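S.K.: My file is structure-v5.pdb. It has PDB, C-alpha atoms, pLDDT in the B column:
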```pdb
ATOM      1  CA  MET A 110     187.286 -73.472  -7.549  1.00 49.00           C
ATOM      2  CA  VAL A 111     183.668 -74.553  -8.282  1.00 44.00           C
ATOM      3  CA  PHE A 112     181.413 -72.783 -10.833  1.00 45.00           C
ATOM      4  CA  ALA A 113     177.595 -72.490 -10.918  1.00 45.00           C
ATOM      5  CA  PHE A 114     175.524 -71.692 -14.011  1.00 45.00           C
ATOM      6  CA  HIS A 115     173.826 -68.309 -14.160  1.00 46.00           C
ATOM      7  CA  PRO A 116     172.132 -66.442 -17.092  1.00 50.00           C
ATOM      8  CA  SER A 117     174.977 -63.971 -17.098  1.00 49.00           C
ATOM      9  CA  GLY A 118     177.627 -66.694 -17.173  1.00 50.00           C
ATOM     10  CA  LEU A 119     179.571 -68.846 -14.721  1.00 46.00           C
ATOM     11  CA  ILE A 120     179.810 -67.614 -11.145  1.00 47.00           C
ATOM     12  CA  PRO A 121     182.699 -68.987  -9.059  1.00 51.00           C
ATOM     13  CA  PHE A 122     182.042 -70.364  -5.555  1.00 46.00           C
ATOM     14  CA  PRO A 123     185.478 -70.288  -3.998  1.00 50.00           C
ATOM     15  CA  PHE A 124     185.047 -72.382  -0.855  1.00 45.00           C
ATOM     16  CA  GLY A 125     182.944 -74.182   1.732  1.00 46.00           C
ATOM     17  CA  PHE A 126     179.179 -74.464   1.754  1.00 45.00           C
ATOM     18  CA  LEU A 127     178.801 -71.736  -0.897  1.00 46.00           C
ATOM     19  CA  ALA A 128     180.449 -74.075  -3.399  1.00 45.00           C
ATOM     20  CA  THR A 129     177.411 -76.385  -3.276  1.00 48.00           C
ATOM     21  CA  PRO A 130     175.279 -76.216  -6.466  1.00 51.00           C
ATOM     22  CA  PRO A 131     171.891 -74.433  -6.006  1.00 56.00           C
ATOM     23  CA  ILE A 132     169.756 -77.584  -6.353  1.00 57.00           C
ATOM     24  CA  ARG A 133     171.755 -79.404  -3.716  1.00 55.00           C
ATOM     25  CA  MET A 134     171.508 -76.348  -1.466  1.00 54.00           C
ATOM     26  CA  LEU A 135     167.701 -76.382  -1.757  1.00 52.00           C
ATOM     27  CA  SER A 136     167.633 -80.095  -1.013  1.00 60.00           C
ATOM     28  CA  PHE A 137     169.763 -79.522   2.047  1.00 53.00           C
ATOM     29  CA  PHE A 138     167.506 -76.769   3.384  1.00 53.00           C
ATOM     30  CA  PHE A 139     164.389 -78.867   2.715  1.00 56.00           C
ATOM     31  CA  CYS A 140     165.818 -81.812   4.628  1.00 60.00           C
ATOM     32  CA  PHE A 141     167.004 -79.530   7.428  1.00 53.00           C
ATOM     33  CA  PHE A 142     163.606 -77.877   7.986  1.00 56.00           C
ATOM     34  CA  SER A 143     161.791 -81.213   7.671  1.00 62.00           C
ATOM     35  CA  LEU A 144     164.033 -82.637  10.374  1.00 60.00           C
ATOM     36  CA  SER A 145     163.493 -79.556  12.569  1.00 61.00           C
ATOM     37  CA  ASN A 146     159.732 -79.871  12.204  1.00 65.00           C
ATOM     38  CA  TYR A 147     159.890 -83.571  13.063  1.00 60.00           C
ATOM     39  CA  ILE A 148     161.899 -82.825  16.197  1.00 65.00           C
ATOM     40  CA  CYS A 149     159.409 -80.105  17.279  1.00 61.00           C
ATOM     41  CA  VAL A 150     156.426 -82.435  16.805  1.00 62.00           C
ATOM     42  CA  ALA A 151     158.182 -85.225  18.700  1.00 62.00           C
ATOM     43  CA  GLU A 152     159.028 -82.823  21.540  1.00 65.00           C
ATOM     44  CA  ARG A 153     155.400 -81.673  21.798  1.00 67.00           C
ATOM     45  CA  LYS A 154     154.199 -85.285  21.942  1.00 64.00           C
ATOM     46  CA  ARG A 155     156.767 -86.076  24.611  1.00 66.00           C
ATOM     47  CA  SER A 156     155.715 -83.047  26.684  1.00 62.00           C
ATOM     48  CA  THR A 157     152.045 -84.016  26.377  1.00 60.00           C
ATOM     49  CA  ALA A 158     152.823 -87.593  27.402  1.00 58.00           C
ATOM     50  CA  GLN A 159     154.792 -86.351  30.414  1.00 60.00           C
ATOM     51  CA  ALA A 160     151.942 -84.034  31.452  1.00 57.00           C
ATOM     52  CA  ARG A 161     149.439 -86.862  31.096  1.00 58.00           C
ATOM     53  CA  ALA A 162     151.638 -89.229  33.120  1.00 56.00           C
ATOM     54  CA  LYS A 163     152.107 -86.588  35.842  1.00 58.00           C
ATOM     55  CA  ALA A 164     148.354 -85.941  36.001  1.00 54.00           C
ATOM     56  CA  ASP A 165     147.636 -89.672  36.275  1.00 55.00           C
ATOM     57  CA  THR A 166     150.239 -90.070  39.004  1.00 55.00           C
ATOM     58  CA  ASN A 167     148.839 -87.154  41.009  1.00 55.00           C
ATOM     59  CA  PHE A 168     145.353 -88.520  40.558  1.00 52.00           C
ATOM     60  CA  LYS A 169     146.232 -92.008  41.791  1.00 52.00           C
ATOM     61  CA  ALA A 170     147.767 -90.415  44.873  1.00 51.00           C
ATOM     62  CA  SER A 171     144.528 -88.493  45.421  1.00 50.00           C
ATOM     63  CA  ILE A 172     142.447 -91.672  45.143  1.00 50.00           C
ATOM     64  CA  MET A 173     144.648 -93.472  47.665  1.00 47.00           C
ATOM     65  CA  HIS A 174     144.041 -90.643  50.140  1.00 58.00           C
ATOM     66  CA  SER A 175     140.328 -89.924  49.749  1.00 77.00           C
ATOM     67  CA  PRO A 176     139.493 -86.614  51.431  1.00 86.00           C
ATOM     68  CA  LYS A 177     137.135 -86.235  54.345  1.00 92.00           C
ATOM     69  CA  ILE A 178     133.712 -84.834  53.404  1.00 94.00           C
ATOM     70  CA  HIS A 179     131.485 -83.205  56.014  1.00 94.00           C
ATOM     71  CA  THR A 180     128.837 -80.519  56.457  1.00 95.00           C
ATOM     72  CA  PHE A 181     130.194 -77.030  56.984  1.00 94.00           C
ATOM     73  CA  ASN A 182     130.157 -75.698  60.533  1.00 92.00           C
ATOM     74  CA  PRO A 183     131.528 -72.180  61.180  1.00 89.00           C
ATOM     75  CA  LYS A 184     132.763 -73.373  64.573  1.00 88.00           C
ATOM     76  CA  ASN A 185     135.100 -75.908  62.995  1.00 87.00           C
ATOM     77  CA  GLN A 186     138.596 -75.015  61.895  1.00 84.00           C
ATOM     78  CA  THR A 187     139.039 -74.493  58.157  1.00 86.00           C
ATOM     79  CA  SER A 188     141.997 -75.149  55.875  1.00 89.00           C
ATOM     80  CA  ASP A 189     143.410 -73.425  52.815  1.00 90.00           C
ATOM     81  CA  PHE A 190     142.867 -76.687  50.942  1.00 92.00           C
ATOM     82  CA  ASP A 191     139.144 -77.024  51.703  1.00 95.00           C
ATOM     83  CA  VAL A 192     136.690 -77.191  48.803  1.00 95.00           C
ATOM     84  CA  TYR A 193     133.205 -75.834  49.501  1.00 96.00           C
ATOM     85  CA  ILE A 194     130.215 -77.309  47.678  1.00 97.00           C
ATOM     86  CA  LEU A 195     126.668 -75.915  47.754  1.00 96.00           C
ATOM     87  CA  CYS A 196     124.251 -78.549  49.094  1.00 96.00           C
ATOM     88  CA  LYS A 197     120.845 -76.811  48.917  1.00 95.00           C
ATOM     89  CA  GLY A 198     118.866 -75.472  45.975  1.00 94.00           C
ATOM     90  CA  LEU A 199     118.823 -76.359  42.287  1.00 93.00           C
ATOM     91  CA  ASN A 200     122.531 -75.489  42.089  1.00 94.00           C
ATOM     92  CA  SER A 201     123.482 -78.167  44.608  1.00 95.00           C
ATOM     93  CA  GLY A 202     126.924 -79.498  43.798  1.00 95.00           C
ATOM     94  CA  LYS A 203     128.290 -76.152  42.631  1.00 95.00           C
ATOM     95  CA  PRO A 204     131.808 -75.342  43.922  1.00 94.00           C
ATOM     96  CA  LEU A 205     131.937 -72.144  45.983  1.00 95.00           C
ATOM     97  CA  GLU A 206     134.715 -69.652  46.505  1.00 91.00           C
ATOM     98  CA  LYS A 207     133.691 -69.088  50.132  1.00 92.00           C
ATOM     99  CA  PRO A 208     131.776 -71.278  52.596  1.00 93.00           C
ATOM    100  CA  CYS A 209     128.128 -70.721  53.472  1.00 93.00           C
ATOM    101  CA  PRO A 210     125.741 -72.368  55.977  1.00 91.00           C
ATOM    102  CA  ASN A 211     124.319 -74.650  53.254  1.00 94.00           C
ATOM    103  CA  CYS A 212     127.429 -76.332  51.937  1.00 95.00           C
ATOM    104  CA  PHE A 213     129.602 -79.403  52.220  1.00 97.00           C
ATOM    105  CA  VAL A 214     133.345 -79.323  52.796  1.00 96.00           C
ATOM    106  CA  ILE A 215     135.851 -81.530  50.999  1.00 96.00           C
ATOM    107  CA  SER A 216     138.933 -81.407  53.214  1.00 94.00           C
ATOM    108  CA  CYS A 217     141.977 -81.945  51.004  1.00 92.00           C
ATOM    109  CA  LYS A 218     145.559 -82.402  52.107  1.00 90.00           C
ATOM    110  CA  ASN A 219     147.305 -80.357  49.439  1.00 89.00           C
ATOM    111  CA  SER A 220     146.732 -78.020  46.501  1.00 87.00           C
ATOM    112  CA  ASP A 221     146.792 -80.848  43.925  1.00 86.00           C
ATOM    113  CA  ASP A 222     143.944 -82.651  45.686  1.00 88.00           C
ATOM    114  CA  MET A 223     142.040 -79.390  46.085  1.00 89.00           C
ATOM    115  CA  ASP A 224     142.341 -78.541  42.380  1.00 88.00           C
ATOM    116  CA  PHE A 225     141.257 -82.028  41.361  1.00 89.00           C
ATOM    117  CA  TYR A 226     138.158 -82.230  43.555  1.00 92.00           C
ATOM    118  CA  LYS A 227     137.116 -78.693  42.713  1.00 90.00           C
ATOM    119  CA  THR A 228     137.451 -79.551  39.016  1.00 89.00           C
ATOM    120  CA  LEU A 229     135.571 -82.828  39.485  1.00 92.00           C
ATOM    121  CA  SER A 230     132.736 -81.099  41.343  1.00 93.00           C
ATOM    122  CA  PHE A 231     132.544 -78.388  38.702  1.00 92.00           C
ATOM    123  CA  GLY A 232     132.261 -80.990  35.951  1.00 91.00           C
ATOM    124  CA  LEU A 233     129.535 -82.913  37.773  1.00 94.00           C
ATOM    125  CA  TRP A 234     127.628 -79.715  38.491  1.00 94.00           C
ATOM    126  CA  LYS A 235     127.799 -78.488  34.879  1.00 91.00           C
ATOM    127  CA  ALA A 236     126.554 -81.886  33.700  1.00 92.00           C
ATOM    128  CA  LYS A 237     123.654 -81.579  36.207  1.00 93.00           C
ATOM    129  CA  HIS A 238     124.698 -84.945  37.585  1.00 95.00           C
ATOM    130  CA  PHE A 239     123.540 -84.071  41.106  1.00 95.00           C
ATOM    131  CA  HIS A 240     119.949 -83.394  39.999  1.00 94.00           C
ATOM    132  CA  GLN A 241     119.100 -87.086  40.237  1.00 95.00           C
ATOM    133  CA  PHE A 242     119.899 -87.001  43.961  1.00 94.00           C
ATOM    134  CA  LEU A 243     117.907 -83.877  44.868  1.00 95.00           C
ATOM    135  CA  THR A 244     115.217 -84.370  47.454  1.00 93.00           C
ATOM    136  CA  GLY A 245     112.855 -82.119  49.409  1.00 88.00           C
ATOM    137  CA  SER A 246     109.471 -80.658  48.458  1.00 83.00           C
ATOM    138  CA  VAL A 247     110.102 -76.968  49.231  1.00 89.00           C
ATOM    139  CA  ILE A 248     113.858 -76.398  48.982  1.00 92.00           C
ATOM    140  CA  PRO A 249     115.671 -79.235  47.200  1.00 95.00           C
ATOM    141  CA  PHE A 250     118.887 -80.505  48.735  1.00 95.00           C
ATOM    142  CA  ILE A 251     121.355 -83.333  48.359  1.00 96.00           C
ATOM    143  CA  ARG A 252     122.101 -85.790  51.171  1.00 96.00           C
ATOM    144  CA  ILE A 253     125.717 -85.955  52.259  1.00 95.00           C
ATOM    145  CA  SER A 254     125.734 -89.747  51.838  1.00 95.00           C
ATOM    146  CA  ASP A 255     124.709 -89.409  48.181  1.00 96.00           C
ATOM    147  CA  PHE A 256     127.321 -86.695  47.669  1.00 96.00           C
ATOM    148  CA  LYS A 257     130.098 -88.801  49.191  1.00 95.00           C
ATOM    149  CA  ASN A 258     129.215 -91.853  47.114  1.00 95.00           C
ATOM    150  CA  THR A 259     129.004 -89.777  43.927  1.00 94.00           C
ATOM    151  CA  ILE A 260     132.351 -88.060  44.463  1.00 94.00           C
ATOM    152  CA  LYS A 261     134.101 -91.351  45.195  1.00 92.00           C
ATOM    153  CA  ALA A 262     132.538 -93.203  42.239  1.00 92.00           C
ATOM    154  CA  GLN A 263     133.143 -90.412  39.731  1.00 91.00           C
ATOM    155  CA  ALA A 264     136.721 -89.870  40.930  1.00 90.00           C
ATOM    156  CA  GLU A 265     137.413 -93.516  40.113  1.00 88.00           C
ATOM    157  CA  ALA A 266     135.618 -93.176  36.761  1.00 88.00           C
ATOM    158  CA  VAL A 267     137.720 -90.253  35.522  1.00 86.00           C
ATOM    159  CA  SER A 268     140.877 -92.071  36.621  1.00 80.00           C
ATOM    160  CA  LYS A 269     140.792 -93.829  33.226  1.00 81.00           C
ATOM    161  CA  ASP A 270     141.919 -90.589  31.601  1.00 82.00           C
ATOM    162  CA  LYS A 271     142.128 -87.774  34.107  1.00 79.00           C
ATOM    163  CA  TYR A 272     144.246 -85.612  31.813  1.00 82.00           C
ATOM    164  CA  ALA A 273     141.532 -85.553  29.116  1.00 86.00           C
ATOM    165  CA  PHE A 274     138.889 -84.803  31.758  1.00 85.00           C
ATOM    166  CA  VAL A 275     140.804 -81.821  33.116  1.00 84.00           C
ATOM    167  CA  GLN A 276     141.389 -80.531  29.582  1.00 87.00           C
ATOM    168  CA  ASP A 277     137.657 -80.749  28.767  1.00 86.00           C
ATOM    169  CA  VAL A 278     136.737 -78.900  31.960  1.00 86.00           C
ATOM    170  CA  HIS A 279     139.221 -76.188  31.022  1.00 87.00           C
ATOM    171  CA  LYS A 280     137.598 -75.888  27.582  1.00 89.00           C
ATOM    172  CA  VAL A 281     134.144 -75.608  29.165  1.00 87.00           C
ATOM    173  CA  LYS A 282     135.363 -72.745  31.350  1.00 88.00           C
ATOM    174  CA  LEU A 283     136.789 -70.964  28.305  1.00 91.00           C
ATOM    175  CA  ILE A 284     133.459 -71.359  26.499  1.00 92.00           C
ATOM    176  CA  GLU A 285     131.584 -69.956  29.507  1.00 89.00           C
ATOM    177  CA  ARG A 286     133.937 -66.979  29.566  1.00 91.00           C
ATOM    178  CA  LYS A 287     133.183 -66.327  25.905  1.00 93.00           C
ATOM    179  CA  GLU A 288     129.457 -66.721  26.566  1.00 92.00           C
ATOM    180  CA  LYS A 289     129.650 -64.118  29.330  1.00 92.00           C
ATOM    181  CA  GLN A 290     131.428 -61.701  26.980  1.00 94.00           C
ATOM    182  CA  MET A 291     128.743 -62.292  24.332  1.00 94.00           C
ATOM    183  CA  TYR A 292     125.922 -61.638  26.818  1.00 93.00           C
ATOM    184  CA  GLU A 293     127.600 -58.416  27.922  1.00 94.00           C
ATOM    185  CA  THR A 294     127.940 -57.338  24.282  1.00 94.00           C
ATOM    186  CA  LEU A 295     124.276 -58.154  23.553  1.00 94.00           C
ATOM    187  CA  ALA A 296     123.162 -56.180  26.621  1.00 93.00           C
ATOM    188  CA  LEU A 297     125.243 -53.199  25.466  1.00 93.00           C
ATOM    189  CA  LEU A 298     123.737 -53.389  21.964  1.00 93.00           C
ATOM    190  CA  ALA A 299     120.240 -53.493  23.475  1.00 92.00           C
ATOM    191  CA  ASP A 300     120.979 -50.286  25.397  1.00 91.00           C
ATOM    192  CA  VAL A 301     122.317 -48.637  22.230  1.00 92.00           C
ATOM    193  CA  LYS A 302     119.155 -49.545  20.297  1.00 92.00           C
ATOM    194  CA  LYS A 303     116.990 -48.199  23.091  1.00 89.00           C
ATOM    195  CA  ALA A 304     118.945 -44.927  23.202  1.00 89.00           C
ATOM    196  CA  MET A 305     118.753 -44.504  19.421  1.00 90.00           C
ATOM    197  CA  MET A 306     114.956 -44.785  19.470  1.00 89.00           C
ATOM    198  CA  TYR A 307     114.426 -42.830  22.668  1.00 85.00           C
ATOM    199  CA  ARG A 308     116.194 -39.698  21.381  1.00 84.00           C
ATOM    200  CA  HIS A 309     113.454 -39.186  18.759  1.00 84.00           C
ATOM    201  CA  PHE A 310     110.613 -39.068  21.269  1.00 85.00           C
ATOM    202  CA  LYS A 311     109.327 -36.039  23.115  1.00 75.00           C
ATOM    203  CA  ARG A 312     110.373 -35.913  26.744  1.00 73.00           C
TER     204      ARG A 312
END
```
Would you mind giving the structure from this file in structure tokens?

M.R.:
Amino acid sequence: MVFAFHPSGLIPFPFGFLATPPIRMLSFFFCFFSLSNYICVAERKRSTAQARAKADTNFKASIMHSPKIHTFNPKNQTSDFDVYILCKGLNSGKPLEKPCPNCFVISCKNSDDMDFYKTLSFGLWKAKHFHQFLTGSVIPFIRISDFKNTIKAQAEAVSKDKYAFVQDVHKVKLIERKEKQMYETLALLADVKKAMMYRHFKR
């Protein structure tokens, strides 16, 4: 029988873990939760490292099999893995959801390649990287040769840390989503202000 001190007297702890003195019990719990936290942090780091390694592996496979890039022609057969890129106007380089007469096609072989090249094109477009290649006095456009060279060079450049690049693009998209929500809120507030003033005027 083990006893523990208490203001009201000695309290017996008859068996097992409950017989451990309070201070030792607290030490045990502290060590236990510290170890649990360490294991969780280590697991997160391992998962991140695995994701990064997988992204790098998929990317290297994409580089080894560079996709075919050509000008869109409605008569040609399309694929579910095609990426469409606007090639005329100040938004040249912007990825499109659907093809149009003024666009390039990046023909990918699988969904991983398609996601990568769509993400790469989006990043280049948001950075206005294609502006330096625009030509034309009336309607600016980008030559397909310049587009091909840019896509190939930048694909190799982001190969140094493709995982970080993809993460940054994802963050940019989240920011744009928030910006859109803010603009919608500001437009709604403008309408409310207009309505509040308008109700006081004679119709």

S.K.: For a cut-off of 12 Å around (113.1, -77.8, 52.5), file coordinates, pick out all residues using all atoms listed in the file and list them as a VMD selection string.

M.R.: chain A and resid 196 to 199 211 243 to 251

S.K.: Please measure the separation of atom CA of A:Phe239 and atom CA of A:Ala273, giving the value in Å to one decimal.

M.R.: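 Separation of atom CA of A:Phe239 and atom CA of A:Ala273: 21.7 Å.
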
S.K.: Written as a PyMOL selection string, which residues does the PyMOL selection byres ((chain A and resi 217) around 7) give for the file shown?

M.R.: chain A and resi 176+190-191+215-216+218-219+222-223

S.K.: Write out, as a tab-separated table (two decimals), keeping the file's coordinate frame, the residues just selected, with C-alpha atoms.

M.R.:
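Below is the file result-v2.tsv, written as the result:
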```tsv
chain	number	residue	atom	x	y	z
A	176	PRO	CA	139.49	-86.61	51.43
A	190	PHE	CA	142.87	-76.69	50.94
A	191	ASP	CA	139.14	-77.02	51.70
A	215	ILE	CA	135.85	-81.53	51.00
A	216	SER	CA	138.93	-81.41	53.21
A	218	LYS	CA	145.56	-82.40	52.11
A	219	ASN	CA	147.30	-80.36	49.44
A	222	ASP	CA	143.94	-82.65	45.69
A	223	MET	CA	142.04	-79.39	46.08
```

S.K.: Let me have the centre and edge lengths in Å, one decimal, of the box along x, y and z around every listed atom of stretch 198-210 of chain A with 6 Å of margin on each side, as lines of an AutoDock Vina configuration file.

M.R.:
```
center_x = 126.8
center_y = -74.3
center_z = 49.0
size_x = 27.9
size_y = 22.4
size_z = 25.9
```

S.K.: As a check of understanding, name the residues that the PyMOL selection byres ((chain A and resi 278) around 12) selects in the supplied structure, as a PDB file with C-alpha atoms, in the coordinates of the input.

M.R.:
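Listed below is the output, selection_2.pdb:
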```
ATOM      1  CA  ASP A 224     142.341 -78.541  42.380  1.00 88.00           C
ATOM      2  CA  PHE A 225     141.257 -82.028  41.361  1.00 89.00           C
ATOM      3  CA  LYS A 227     137.116 -78.693  42.713  1.00 90.00           C
ATOM      4  CA  THR A 228     137.451 -79.551  39.016  1.00 89.00           C
ATOM      5  CA  LEU A 229     135.571 -82.828  39.485  1.00 92.00           C
ATOM      6  CA  SER A 230     132.736 -81.099  41.343  1.00 93.00           C
ATOM      7  CA  PHE A 231     132.544 -78.388  38.702  1.00 92.00           C
ATOM      8  CA  GLY A 232     132.261 -80.990  35.951  1.00 91.00           C
ATOM      9  CA  LEU A 233     129.535 -82.913  37.773  1.00 94.00           C
ATOM     10  CA  TRP A 234     127.628 -79.715  38.491  1.00 94.00           C
ATOM     11  CA  LYS A 235     127.799 -78.488  34.879  1.00 91.00           C
ATOM     12  CA  ALA A 236     126.554 -81.886  33.700  1.00 92.00           C
ATOM     13  CA  VAL A 267     137.720 -90.253  35.522  1.00 86.00           C
ATOM     14  CA  LYS A 271     142.128 -87.774  34.107  1.00 79.00           C
ATOM     15  CA  TYR A 272     144.246 -85.612  31.813  1.00 82.00           C
ATOM     16  CA  ALA A 273     141.532 -85.553  29.116  1.00 86.00           C
ATOM     17  CA  PHE A 274     138.889 -84.803  31.758  1.00 85.00           C
ATOM     18  CA  VAL A 275     140.804 -81.821  33.116  1.00 84.00           C
ATOM     19  CA  GLN A 276     141.389 -80.531  29.582  1.00 87.00           C
ATOM     20  CA  ASP A 277     137.657 -80.749  28.767  1.00 86.00           C
ATOM     21  CA  HIS A 279     139.221 -76.188  31.022  1.00 87.00           C
ATOM     22  CA  LYS A 280     137.598 -75.888  27.582  1.00 89.00           C
ATOM     23  CA  VAL A 281     134.144 -75.608  29.165  1.00 87.00           C
ATOM     24  CA  LYS A 282     135.363 -72.745  31.350  1.00 88.00           C
ATOM     25  CA  LEU A 283     136.789 -70.964  28.305  1.00 91.00           C
ATOM     26  CA  ILE A 284     133.459 -71.359  26.499  1.00 92.00           C
ATOM     27  CA  GLU A 285     131.584 -69.956  29.507  1.00 89.00           C
TER      28      GLU A 285
END
```

S.K.: Measuring atom to atom with all atoms listed in the file, identify which of A:Ala266, A:Ile178, A:Cys212, A:Val301 is nearest to A:Tyr193.

M.R.: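 Residue with the minimum atom-to-atom distance to A:Tyr193: A:Cys212.
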
S.K.: One decimal, in Å: what's the spacing between atom CA of A:Glu206 and atom CA of A:Ser188?

M.R.: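 So the two atoms, atom CA of A:Glu206 and atom CA of A:Ser188, lie 13.1 Å apart.
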
S.K.: Show me, as a ChimeraX atom specification, the residues that have an atom within 10 Å of A:Lys257 when counting all atoms listed in the file, minus same-chain residues fewer than 4 positions from it.

M.R.: /A:176-179,213,215,252-253,261-262

S.K.: Please report the interatomic distance between atom CA of A:Met291 and atom CA of A:Ala304 in Å with one decimal.

M.R.: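 Those two atoms sit 20.0 Å apart.
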